[in-house]
file entry_15.pdb (PDB, C-alpha atoms)
ATOM      1  CA  MET A 263     -20.566   7.930  -7.414
ATOM      2  CA  ILE A 264     -17.327   6.552  -5.962
ATOM      3  CA  VAL A 265     -14.774   5.085  -8.383
ATOM      4  CA  VAL A 266     -12.292   2.464  -7.147
ATOM      5  CA  THR A 267      -9.116   1.567  -9.017
ATOM      6  CA  THR A 268      -7.228  -1.702  -8.395
ATOM      7  CA  PRO A 269     -10.381  -3.337  -6.938
ATOM      8  CA  THR A 270      -8.717  -6.757  -6.863
ATOM      9  CA  GLY A 271      -5.512  -5.526  -5.188
ATOM     10  CA  SER A 272      -4.495  -6.085  -1.579
ATOM     11  CA  ILE A 273      -5.835  -2.699  -0.460
ATOM     12  CA  GLY A 274      -8.413  -2.008  -3.163
ATOM     13  CA  SER A 275     -10.290  -5.268  -2.628
ATOM     14  CA  ARG A 276     -10.661  -4.617   1.102
ATOM     15  CA  LEU A 277     -11.633  -0.992   0.561
ATOM     16  CA  LEU A 278     -14.250  -2.037  -1.979
ATOM     17  CA  ARG A 279     -15.860  -4.434   0.491
ATOM     18  CA  ASP A 280     -15.801  -1.730   3.179
ATOM     19  CA  LEU A 281     -17.557   0.713   0.853
ATOM     20  CA  LEU A 282     -20.230  -1.769  -0.154
ATOM     21  CA  ASP A 283     -20.883  -2.582   3.501
ATOM     22  CA  ARG A 284     -21.029   1.043   4.657
ATOM     23  CA  THR A 285     -22.580   3.209   1.961
ATOM     24  CA  ASP A 286     -25.532   3.187  -0.418
ATOM     25  CA  GLU A 287     -23.720   5.386  -2.912
ATOM     26  CA  PRO A 288     -23.162   3.752  -6.290
ATOM     27  CA  VAL A 289     -19.670   2.320  -6.725
ATOM     28  CA  ARG A 290     -17.849   1.900 -10.014
ATOM     29  CA  VAL A 291     -14.610  -0.047 -10.444
ATOM     30  CA  VAL A 292     -11.926   0.035 -13.111
ATOM     31  CA  VAL A 293     -10.631  -3.477 -13.636
ATOM     32  CA  ARG A 294      -8.651  -5.225 -16.346
ATOM     33  CA  ASP A 295     -10.482  -8.523 -15.839
ATOM     34  CA  PRO A 296     -13.981  -8.320 -14.295
ATOM     35  CA  ALA A 297     -13.925 -12.110 -13.827
ATOM     36  CA  ARG A 298     -11.433 -11.583 -10.981
ATOM     37  CA  LEU A 299     -14.085  -9.752  -8.949
ATOM     38  CA  PRO A 300     -15.893 -11.996  -6.435
ATOM     39  CA  ASP A 301     -19.446 -12.809  -7.525
ATOM     40  CA  ALA A 302     -20.963 -11.001  -4.551
ATOM     41  CA  VAL A 303     -19.016  -7.860  -5.438
ATOM     42  CA  ARG A 304     -19.469  -8.034  -9.221
ATOM     43  CA  ASP A 305     -23.241  -7.915  -8.869
ATOM     44  CA  ARG A 306     -23.111  -4.709  -6.800
ATOM     45  CA  VAL A 307     -20.758  -2.505  -8.803
ATOM     46  CA  ASP A 308     -20.556  -0.927 -12.219
ATOM     47  CA  ALA A 309     -17.403  -2.327 -13.821
ATOM     48  CA  VAL A 310     -15.422  -0.487 -16.482
ATOM     49  CA  THR A 311     -12.978  -2.833 -18.185
ATOM     50  CA  GLY A 312      -9.451  -1.663 -18.940
ATOM     51  CA  SER A 313      -6.453   0.105 -17.458
ATOM     52  CA  HIS A 314      -6.956   3.254 -15.393
ATOM     53  CA  GLY A 315      -3.881   4.639 -17.133
ATOM     54  CA  ASP A 316      -5.821   4.740 -20.423
ATOM     55  CA  PRO A 317      -7.502   8.126 -21.142
ATOM     56  CA  ALA A 318     -10.407   6.467 -22.976
ATOM     57  CA  VAL A 319     -11.058   4.137 -20.047
ATOM     58  CA  LEU A 320     -10.861   7.063 -17.648
ATOM     59  CA  ASP A 321     -13.444   8.996 -19.654
ATOM     60  CA  ARG A 322     -15.900   6.145 -19.192
ATOM     61  CA  ALA A 323     -14.999   5.502 -15.569
ATOM     62  CA  LEU A 324     -15.089   9.111 -14.336
ATOM     63  CA  ALA A 325     -18.370  10.153 -15.939
ATOM     64  CA  GLY A 326     -20.511  11.338 -13.018
ATOM     65  CA  ALA A 327     -17.823  10.506 -10.455
ATOM     66  CA  ASP A 328     -17.643  12.467  -7.204
ATOM     67  CA  ALA A 329     -14.715  10.669  -5.568
ATOM     68  CA  VAL A 330     -11.906   8.361  -6.688
ATOM     69  CA  PHE A 331      -9.684   5.859  -4.902
ATOM     70  CA  TRP A 332      -6.381   6.029  -6.786
ATOM     71  CA  VAL A 333      -3.577   3.471  -6.781
ATOM     72  CA  ALA A 334      -0.693   3.317  -9.247
ATOM     73  CA  PRO A 335      -0.458  -0.404 -10.051
ATOM     74  CA  PRO A 336       2.846  -2.286  -9.865
ATOM     75  CA  ASN A 337       4.930  -2.426 -13.027
ATOM     76  CA  ARG A 338       8.082  -4.447 -12.458
ATOM     77  CA  GLN A 339       9.443  -3.738 -15.941
ATOM     78  CA  ALA A 340       8.823   0.013 -16.082
ATOM     79  CA  PRO A 341      11.736   1.927 -17.630
ATOM     80  CA  THR A 342      11.670   4.601 -14.909
ATOM     81  CA  LEU A 343      10.005   5.165 -11.539
ATOM     82  CA  ASP A 344       8.122   8.122 -13.015
ATOM     83  CA  ALA A 345       6.582   5.707 -15.503
ATOM     84  CA  VAL A 346       5.124   3.772 -12.566
ATOM     85  CA  TYR A 347       3.738   6.784 -10.719
ATOM     86  CA  ALA A 348       3.548  10.291 -12.243
ATOM     87  CA  ASP A 349       3.489   9.290 -15.911
ATOM     88  CA  PHE A 350       0.837   6.642 -15.292
ATOM     89  CA  THR A 351      -1.236   9.151 -13.289
ATOM     90  CA  ARG A 352      -0.914  12.104 -15.679
ATOM     91  CA  PRO A 353      -3.969  11.193 -17.804
ATOM     92  CA  ALA A 354      -6.032  10.829 -14.629
ATOM     93  CA  ALA A 355      -4.968  14.234 -13.301
ATOM     94  CA  LYS A 356      -6.301  15.774 -16.526
ATOM     95  CA  ALA A 357      -9.449  13.666 -16.426
ATOM     96  CA  PHE A 358     -10.229  14.586 -12.795
ATOM     97  CA  ALA A 359     -10.468  18.235 -13.813
ATOM     98  CA  ALA A 360     -12.361  17.530 -17.038
ATOM     99  CA  HIS A 361     -14.993  15.441 -15.251
ATOM    100  CA  GLY A 362     -15.309  17.646 -12.175
ATOM    101  CA  VAL A 363     -14.142  15.013  -9.698
ATOM    102  CA  GLY A 364     -14.171  16.608  -6.260
ATOM    103  CA  HIS A 365     -12.214  14.238  -4.039
ATOM    104  CA  VAL A 366      -9.348  11.788  -4.538
ATOM    105  CA  VAL A 367      -7.820   9.396  -2.006
ATOM    106  CA  SER A 368      -4.449   8.001  -3.074
ATOM    107  CA  VAL A 369      -2.250   5.242  -1.690
ATOM    108  CA  SER A 370       1.136   6.759  -0.958
ATOM    109  CA  ALA A 371       3.955   6.541   1.587
ATOM    110  CA  LEU A 372       5.470   8.123   4.642
ATOM    111  CA  GLY A 373       8.533  10.295   4.260
ATOM    112  CA  ARG A 374       7.443  13.732   3.073
ATOM    113  CA  GLY A 375       9.477  16.400   4.855
ATOM    114  CA  THR A 376      12.203  14.041   6.040
ATOM    115  CA  PRO A 377      15.858  14.616   5.056
ATOM    116  CA  VAL A 378      15.807  11.525   2.827
ATOM    117  CA  ALA A 379      12.519  12.187   1.026
ATOM    118  CA  ASP A 380      14.259  13.221  -2.197
ATOM    119  CA  ARG A 381      16.389  10.053  -2.409
ATOM    120  CA  ALA A 382      13.954   7.356  -1.363
ATOM    121  CA  GLY A 383      13.335   5.658  -4.690
ATOM    122  CA  LEU A 384       9.759   4.435  -4.983
ATOM    123  CA  VAL A 385       8.652   6.702  -2.153
ATOM    124  CA  THR A 386      10.079   9.808  -3.827
ATOM    125  CA  ALA A 387       8.222   8.903  -7.018
ATOM    126  CA  SER A 388       5.021   8.258  -5.081
ATOM    127  CA  LEU A 389       5.184  11.677  -3.414
ATOM    128  CA  ALA A 390       5.648  13.279  -6.841
ATOM    129  CA  MET A 391       2.491  11.491  -7.980
ATOM    130  CA  ASP A 392       0.564  13.023  -5.087
ATOM    131  CA  ASP A 393       1.849  16.480  -6.041
ATOM    132  CA  LEU A 394       0.620  15.923  -9.587
ATOM    133  CA  ILE A 395      -2.848  14.941  -8.385
ATOM    134  CA  ALA A 396      -2.995  17.915  -6.008
ATOM    135  CA  ALA A 397      -2.134  20.282  -8.870
ATOM    136  CA  SER A 398      -5.251  19.137 -10.734
ATOM    137  CA  GLY A 399      -7.418  21.087  -8.293
ATOM    138  CA  VAL A 400      -9.132  18.180  -6.535
ATOM    139  CA  ALA A 401      -9.309  17.786  -2.784
ATOM    140  CA  LEU A 402      -6.689  15.126  -2.051
ATOM    141  CA  ARG A 403      -5.897  12.911   0.890
ATOM    142  CA  ALA A 404      -2.826  10.752   0.412
ATOM    143  CA  LEU A 405      -2.718   7.705   2.660
ATOM    144  CA  ALA A 406       0.856   7.916   3.955
ATOM    145  CA  ASN A 407       1.860   4.365   4.759
ATOM    146  CA  PRO A 408       4.847   2.604   6.326
ATOM    147  CA  SER A 409       5.838  -0.952   5.400
ATOM    148  CA  PHE A 410       2.909  -3.381   5.304
ATOM    149  CA  MET A 411       2.532  -6.337   7.624
ATOM    150  CA  GLU A 412       1.363  -8.278   4.576
ATOM    151  CA  ASN A 413       4.835  -8.000   3.027
ATOM    152  CA  LEU A 414       5.848 -10.829   5.356
ATOM    153  CA  LEU A 415       3.523 -13.186   3.488
ATOM    154  CA  ARG A 416       6.129 -13.220   0.702
ATOM    155  CA  GLN A 417       8.383 -15.048   3.161
ATOM    156  CA  THR A 418       5.848 -17.628   4.319
ATOM    157  CA  ALA A 419       7.957 -20.563   3.118
ATOM    158  CA  SER A 420      11.123 -19.319   4.841
ATOM    159  CA  ILE A 421       9.241 -18.606   8.065
ATOM    160  CA  ARG A 422       7.607 -22.043   8.012
ATOM    161  CA  ASP A 423      10.526 -24.158   6.829
ATOM    162  CA  ASP A 424      13.568 -22.340   8.253
ATOM    163  CA  GLY A 425      12.181 -20.135  11.032
ATOM    164  CA  VAL A 426      13.784 -17.104   9.373
ATOM    165  CA  PHE A 427      12.629 -13.799   7.911
ATOM    166  CA  THR A 428      14.844 -11.198   6.294
ATOM    167  CA  ASP A 429      14.918  -7.449   5.767
ATOM    168  CA  THR A 430      17.597  -4.821   5.249
ATOM    169  CA  LEU A 431      16.963  -2.749   8.389
ATOM    170  CA  PRO A 432      18.994  -2.794  11.624
ATOM    171  CA  ALA A 433      17.488  -5.295  14.059
ATOM    172  CA  ASP A 434      16.880  -2.635  16.700
ATOM    173  CA  LEU A 435      15.420   0.122  14.475
ATOM    174  CA  LYS A 436      11.837   0.739  15.559
ATOM    175  CA  ALA A 437       9.385   2.027  12.948
ATOM    176  CA  PRO A 438       5.644   2.025  12.263
ATOM    177  CA  PHE A 439       4.119  -1.044  10.644
ATOM    178  CA  ALA A 440       0.555  -1.188   9.306
ATOM    179  CA  SER A 441      -1.926  -3.758   8.047
ATOM    180  CA  THR A 442      -3.597  -3.299   4.670
ATOM    181  CA  ARG A 443      -6.979  -3.805   6.355
ATOM    182  CA  ASP A 444      -6.425  -0.598   8.336
ATOM    183  CA  ILE A 445      -5.194   1.299   5.283
ATOM    184  CA  ALA A 446      -8.307   0.236   3.380
ATOM    185  CA  ALA A 447     -10.563   1.242   6.271
ATOM    186  CA  ALA A 448      -8.953   4.692   6.433
ATOM    187  CA  GLY A 449      -9.475   5.149   2.712
ATOM    188  CA  ALA A 450     -13.103   4.045   2.871
ATOM    189  CA  ARG A 451     -13.841   6.512   5.677
ATOM    190  CA  LEU A 452     -12.425   9.378   3.635
ATOM    191  CA  LEU A 453     -14.381   8.404   0.531
ATOM    192  CA  ILE A 454     -17.670   8.159   2.422
ATOM    193  CA  ASP A 455     -17.307  11.346   4.509
ATOM    194  CA  ARG A 456     -16.125  13.897   1.990
ATOM    195  CA  SER A 457     -16.386  16.945   4.236
ATOM    196  CA  TRP A 458     -12.625  17.519   3.893
ATOM    197  CA  THR A 459     -11.118  20.065   1.533
ATOM    198  CA  GLY A 460      -7.697  21.030   0.256
ATOM    199  CA  THR A 461      -4.767  18.633   0.118
ATOM    200  CA  GLY A 462      -2.986  16.700   2.816
ATOM    201  CA  GLU A 463      -1.748  13.373   4.071
ATOM    202  CA  VAL A 464      -3.416  10.823   6.350
ATOM    203  CA  PRO A 465      -0.715   8.704   8.007
ATOM    204  CA  VAL A 466      -1.656   5.116   8.890
ATOM    205  CA  LEU A 467       0.914   4.105  11.492
ATOM    206  CA  GLY A 468      -0.390   1.007  13.236
ATOM    207  CA  PRO A 469      -0.676   0.973  17.042
ATOM    208  CA  GLU A 470       3.058   0.876  17.888
ATOM    209  CA  ASP A 471       6.556   1.142  16.469
ATOM    210  CA  LEU A 472       8.301  -2.211  16.105
ATOM    211  CA  SER A 473      11.825  -3.363  15.313
ATOM    212  CA  ALA A 474      12.793  -6.514  13.460
ATOM    213  CA  ALA A 475      13.744  -7.986  16.841
ATOM    214  CA  ASP A 476      10.216  -7.202  18.070
ATOM    215  CA  LEU A 477       8.717  -8.860  14.998
ATOM    216  CA  ALA A 478      10.781 -12.005  15.579
ATOM    217  CA  ARG A 479       9.685 -12.211  19.217
ATOM    218  CA  ILE A 480       5.997 -11.677  18.452
ATOM    219  CA  MET A 481       6.025 -14.129  15.544
ATOM    220  CA  SER A 482       7.712 -16.738  17.732
ATOM    221  CA  GLU A 483       4.984 -16.380  20.342
ATOM    222  CA  ALA A 484       2.070 -16.224  17.882
ATOM    223  CA  LEU A 485       3.279 -19.118  15.723
ATOM    224  CA  ASP A 486       4.489 -21.306  18.613
ATOM    225  CA  ARG A 487       7.867 -21.805  16.991
ATOM    226  CA  PRO A 488      11.205 -19.967  17.129
ATOM    227  CA  ILE A 489      11.548 -17.280  14.464
ATOM    228  CA  ARG A 490      14.748 -15.301  13.999
ATOM    229  CA  TYR A 491      15.669 -12.244  11.973
ATOM    230  CA  ARG A 492      18.460 -12.295   9.422
ATOM    231  CA  ARG A 493      19.570  -8.901   8.187
ATOM    232  CA  GLN A 494      20.185  -8.776   4.452
ATOM    233  CA  SER A 495      22.676  -6.397   2.885
ATOM    234  CA  LEU A 496      21.411  -3.948   0.282
ATOM    235  CA  GLU A 497      23.641  -5.666  -2.278
ATOM    236  CA  ASP A 498      22.077  -9.050  -1.528
ATOM    237  CA  PHE A 499      18.637  -7.420  -1.634
ATOM    238  CA  ARG A 500      19.471  -5.977  -5.066
ATOM    239  CA  ALA A 501      20.651  -9.380  -6.303
ATOM    240  CA  ALA A 502      17.482 -11.074  -5.050
ATOM    241  CA  LEU A 503      15.285  -8.586  -6.912
ATOM    242  CA  GLN A 504      17.310  -9.049 -10.078
ATOM    243  CA  GLY A 505      17.023 -12.803  -9.680
ATOM    244  CA  HIS A 506      13.243 -12.511  -9.667
ATOM    245  CA  GLY A 507      13.274 -10.649 -12.968
ATOM    246  CA  THR A 508      12.551  -7.161 -11.645
ATOM    247  CA  GLY A 509      13.556  -4.404 -14.074
ATOM    248  CA  GLU A 510      16.578  -2.296 -13.260
ATOM    249  CA  ALA A 511      14.649   0.923 -12.572
ATOM    250  CA  LEU A 512      12.477  -0.837 -10.014
ATOM    251  CA  VAL A 513      15.453  -2.651  -8.494
ATOM    252  CA  GLU A 514      17.250   0.619  -7.839
ATOM    253  CA  GLY A 515      13.998   2.200  -6.627
ATOM    254  CA  TYR A 516      13.498  -0.538  -4.052
ATOM    255  CA  VAL A 517      17.120  -0.376  -2.916
ATOM    256  CA  ALA A 518      16.949   3.414  -2.496
ATOM    257  CA  MET A 519      13.697   3.101  -0.570
ATOM    258  CA  MET A 520      15.094   0.531   1.840
ATOM    259  CA  ARG A 521      18.276   2.543   2.343
ATOM    260  CA  ALA A 522      16.095   5.567   3.188
ATOM    261  CA  LYS A 523      13.956   3.532   5.585
ATOM    262  CA  GLY A 524      17.143   2.581   7.393
ATOM    263  CA  GLU A 525      17.922   6.291   7.684
ATOM    264  CA  GLY A 526      14.561   7.217   9.239
ATOM    265  CA  LEU A 527      12.228   7.674   6.269
ATOM    266  CA  ASP A 528       9.237   6.241   8.165
ATOM    267  CA  ASN A 529       9.970   7.979  11.459
ATOM    268  CA  GLY A 530       9.000  11.545  10.592
ATOM    269  CA  VAL A 531       5.393  11.426  11.874
ATOM    270  CA  HIS A 532       4.431  11.148  15.531
ATOM    271  CA  ARG A 533       1.702   8.705  16.419
ATOM    272  CA  THR A 534      -1.504  10.278  17.723
ATOM    273  CA  ALA A 535      -5.075   9.100  18.143
ATOM    274  CA  ASP A 536      -5.674  10.247  14.554
ATOM    275  CA  THR A 537      -2.644   8.574  12.973
ATOM    276  CA  ALA A 538      -2.686   5.277  14.897
ATOM    277  CA  SER A 539      -4.510   2.323  13.360
ATOM    278  CA  PRO A 540      -5.940  -0.550  15.394
ATOM    279  CA  THR A 541      -4.532  -3.855  14.115
ATOM    280  CA  THR A 542      -1.628  -5.039  16.258
ATOM    281  CA  PHE A 543       1.116  -7.150  14.756
ATOM    282  CA  ARG A 544       0.243  -9.972  17.163
ATOM    283  CA  THR A 545      -3.379  -9.955  15.995
ATOM    284  CA  TRP A 546      -2.261  -9.938  12.379
ATOM    285  CA  CYS A 547       0.064 -12.884  13.022
ATOM    286  CA  GLU A 548      -2.713 -14.875  14.656
ATOM    287  CA  GLU A 549      -5.358 -14.082  12.048
ATOM    288  CA  VAL A 550      -3.342 -13.892   8.804
ATOM    289  CA  LEU A 551       0.220 -15.177   9.091
ATOM    290  CA  ARG A 552      -0.434 -18.286  11.175
ATOM    291  CA  PRO A 553      -3.072 -19.717   8.776
ATOM    292  CA  ALA A 554      -0.677 -19.061   5.858
ATOM    293  CA  VAL A 555       2.240 -20.746   7.637
ATOM    294  CA  ASP A 556       0.110 -23.697   8.727
ATOM    295  CA  THR A 557      -1.220 -24.355   5.228
TER     296      THR A 557
END

call {"tool": "encode", "arguments": {"input": "entry_15.pdb", "output": "structure tokens"}}
result
Amino acid sequence: MIVVTTPTGSIGSRLLRDLLDRTDEPVRVVVRDPARLPDAVRDRVDAVTGSHGDPAVLDRALAGADAVFWVAPPNRQAPTLDAVYADFTRPAAKAFAAHGVGHVVSVSALGRGTPVADRAGLVTASLAMDDLIAASGVALRALANPSFMENLLRQTASIRDDGVFTDTLPADLKAPFASTRDIAAAGARLLIDRSWTGTGEVPVLGPEDLSAADLARIMSEALDRPIRYRRQSLEDFRAALQGHGTGEALVEGYVAMMRAKGEGLDNGVHRTADTASPTTFRTWCEEVLRPAVDT
């Protein structure tokens, strides 16, 4: 039995489809609203309704479970970053041991071992969550991710209407950049082939490091329109988050994370055949961004 949390999320939904396509093992999902599952998926899974931060829900969901896909869901109004990650995960860490779960795959972030790992906001809290899961005694693989290509979809209107995208990083800073489809595929492989033991990270780095200038050039070519990069200050980034109603703990967590990314947070792992993932940014632009911009 494989249990999937956040089955309607950007990574969880893709991973769930990958599992159903690739394994005959039974799959159970924990979902707040089963109606959000596609009909074709709903008929093939055992759905437990509720939050995977709830011990009673976990007791139902983890009964007979061999492996779990774990994601701490977003909580824009959380009072602290620990409330988003470690505190939310604490009941699960206890339940993994109580139910004899053998393997857990978590969604986490790059940065462990870098000089800025302890002051990287959301990333620091995410790494602490992984440590908590590892201490439960399960075999753990944390998917260590850079920024997602899909984050650009939040700027679809600006890209379409103004030919502009923004970030806080220097225009020439190259860093890994990954698609959620590749992150989901890496997680599905680990959940299906559970020959691994112990704890460790699985970086998902995309096929190449890219700068904001590179992204602008590739988007311009893929979208057949000029796209330029506008660097945003951390103060303006903070103000934008506050303007969207994000709670103060999350605002400061995002700002610290982006400051750390500018100082090399995502550049601590070398790309190899094992850490590279296949989707190029150009392919993603053609298959995902262009249809969104053209809508």

call {"tool": "closest_atom_pairs", "arguments": {"input": "entry_15.pdb", "of": "stretch 478-538 of chain A", "to": "stretch 379-383 of chain A", "cutoff": "9 Å", "atoms": "all atoms listed in the file", "output": "JSON lines"}}
result
{"residue": "A:Leu512", "atom": "CA", "partner": "A:Gly383", "partner_atom": "CA", "distance": 8.4}
{"residue": "A:Glu514", "atom": "CA", "partner": "A:Gly383", "partner_atom": "CA", "distance": 7.1}
{"residue": "A:Gly515", "atom": "CA", "partner": "A:Gly383", "partner_atom": "CA", "distance": 4.0}
{"residue": "A:Tyr516", "atom": "CA", "partner": "A:Gly383", "partner_atom": "CA", "distance": 6.2}
{"residue": "A:Val517", "atom": "CA", "partner": "A:Gly383", "partner_atom": "CA", "distance": 7.3}
{"residue": "A:Ala518", "atom": "CA", "partner": "A:Gly383", "partner_atom": "CA", "distance": 4.8}
{"residue": "A:Met519", "atom": "CA", "partner": "A:Ala382", "partner_atom": "CA", "distance": 4.3}
{"residue": "A:Met520", "atom": "CA", "partner": "A:Ala382", "partner_atom": "CA", "distance": 7.6}
{"residue": "A:Arg521", "atom": "CA", "partner": "A:Ala382", "partner_atom": "CA", "distance": 7.5}
{"residue": "A:Ala522", "atom": "CA", "partner": "A:Ala382", "partner_atom": "CA", "distance": 5.3}
{"residue": "A:Lys523", "atom": "CA", "partner": "A:Ala382", "partner_atom": "CA", "distance": 7.9}
{"residue": "A:Leu527", "atom": "CA", "partner": "A:Ala379", "partner_atom": "CA", "distance": 6.9}

call {"tool": "residues_around", "arguments": {"input": "entry_15.pdb", "residues": "stretch 419-433 of chain A", "least_positions_apart": "4", "cutoff": "7 Å", "atoms": "all atoms listed in the file", "output": "NGL selection string"}}
result
:A and (473-475 or 488-496 or 520 or 524 or 555)

call {"tool": "closest_residue", "arguments": {"input": "entry_15.pdb", "among": "A:Asn413, A:Thr459, A:Thr442, A:Thr267", "to": "A:Val319", "atoms": "only C-alpha atoms"}}
result
A:Thr267

call {"tool": "resolve_selection", "arguments": {"input": "entry_15.pdb", "expression": "the PyMOL selection byres ((chain A and resi 550) around 12)", "output": "PDB file with C-alpha atoms, in the coordinates of the input"}}
result
ATOM      1  CA  MET A 411       2.532  -6.337   7.624  1.00  0.00           C
ATOM      2  CA  GLU A 412       1.363  -8.278   4.576  1.00  0.00           C
ATOM      3  CA  ASN A 413       4.835  -8.000   3.027  1.00  0.00           C
ATOM      4  CA  LEU A 414       5.848 -10.829   5.356  1.00  0.00           C
ATOM      5  CA  LEU A 415       3.523 -13.186   3.488  1.00  0.00           C
ATOM      6  CA  THR A 418       5.848 -17.628   4.319  1.00  0.00           C
ATOM      7  CA  SER A 441      -1.926  -3.758   8.047  1.00  0.00           C
ATOM      8  CA  THR A 442      -3.597  -3.299   4.670  1.00  0.00           C
ATOM      9  CA  ARG A 443      -6.979  -3.805   6.355  1.00  0.00           C
ATOM     10  CA  MET A 481       6.025 -14.129  15.544  1.00  0.00           C
ATOM     11  CA  ALA A 484       2.070 -16.224  17.882  1.00  0.00           C
ATOM     12  CA  LEU A 485       3.279 -19.118  15.723  1.00  0.00           C
ATOM     13  CA  THR A 541      -4.532  -3.855  14.115  1.00  0.00           C
ATOM     14  CA  THR A 542      -1.628  -5.039  16.258  1.00  0.00           C
ATOM     15  CA  PHE A 543       1.116  -7.150  14.756  1.00  0.00           C
ATOM     16  CA  ARG A 544       0.243  -9.972  17.163  1.00  0.00           C
ATOM     17  CA  THR A 545      -3.379  -9.955  15.995  1.00  0.00           C
ATOM     18  CA  TRP A 546      -2.261  -9.938  12.379  1.00  0.00           C
ATOM     19  CA  CYS A 547       0.064 -12.884  13.022  1.00  0.00           C
ATOM     20  CA  GLU A 548      -2.713 -14.875  14.656  1.00  0.00           C
ATOM     21  CA  GLU A 549      -5.358 -14.082  12.048  1.00  0.00           C
ATOM     22  CA  LEU A 551       0.220 -15.177   9.091  1.00  0.00           C
ATOM     23  CA  ARG A 552      -0.434 -18.286  11.175  1.00  0.00           C
ATOM     24  CA  PRO A 553      -3.072 -19.717   8.776  1.00  0.00           C
ATOM     25  CA  ALA A 554      -0.677 -19.061   5.858  1.00  0.00           C
ATOM     26  CA  VAL A 555       2.240 -20.746   7.637  1.00  0.00           C
ATOM     27  CA  ASP A 556       0.110 -23.697   8.727  1.00  0.00           C
ATOM     28  CA  THR A 557      -1.220 -24.355   5.228  1.00  0.00           C
TER      29      THR A 557
END

call {"tool": "atom_distance", "arguments": {"input": "entry_15.pdb", "atom1": "atom CA of A:Ala396", "atom2": "atom CA of A:His365"}}
result
10.1 Å

call {"tool": "closest_residue", "arguments": {"input": "entry_15.pdb", "among": "A:Leu503, A:Ala447, A:Val466, A:Ala327", "to": "A:Ala535", "atoms": "all atoms listed in the file"}}
result
A:Val466

call {"tool": "decode", "arguments": {"input": "entry_15.pdb", "residues": "stretch 450-467 of chain A", "atoms": "C-alpha atoms", "output": "PDB file, in the first residue's frame"}}
result
ATOM      1  CA  ALA A 450       7.038   7.852  -8.085  1.00  0.00           C
ATOM      2  CA  ARG A 451      10.178   5.886  -8.966  1.00  0.00           C
ATOM      3  CA  LEU A 452      11.285   5.881  -5.338  1.00  0.00           C
ATOM      4  CA  LEU A 453       7.875   4.789  -4.082  1.00  0.00           C
ATOM      5  CA  ILE A 454       7.649   1.913  -6.559  1.00  0.00           C
ATOM      6  CA  ASP A 455      11.226   0.611  -6.168  1.00  0.00           C
ATOM      7  CA  ARG A 456      11.728   0.575  -2.427  1.00  0.00           C
ATOM      8  CA  SER A 457      15.073  -1.218  -2.409  1.00  0.00           C
ATOM      9  CA  TRP A 458      16.699   1.835  -0.788  1.00  0.00           C
ATOM     10  CA  THR A 459      17.428   2.079   2.918  1.00  0.00           C
ATOM     11  CA  GLY A 460      18.573   4.698   5.388  1.00  0.00           C
ATOM     12  CA  THR A 461      18.064   8.416   4.876  1.00  0.00           C
ATOM     13  CA  GLY A 462      19.243  10.754   2.167  1.00  0.00           C
ATOM     14  CA  GLU A 463      18.364  13.351  -0.412  1.00  0.00           C
ATOM     15  CA  VAL A 464      17.517  12.972  -4.103  1.00  0.00           C
ATOM     16  CA  PRO A 465      18.261  16.261  -5.879  1.00  0.00           C
ATOM     17  CA  VAL A 466      16.117  17.087  -8.922  1.00  0.00           C
ATOM     18  CA  LEU A 467      18.145  19.686 -10.799  1.00  0.00           C
TER      19      LEU A 467
END
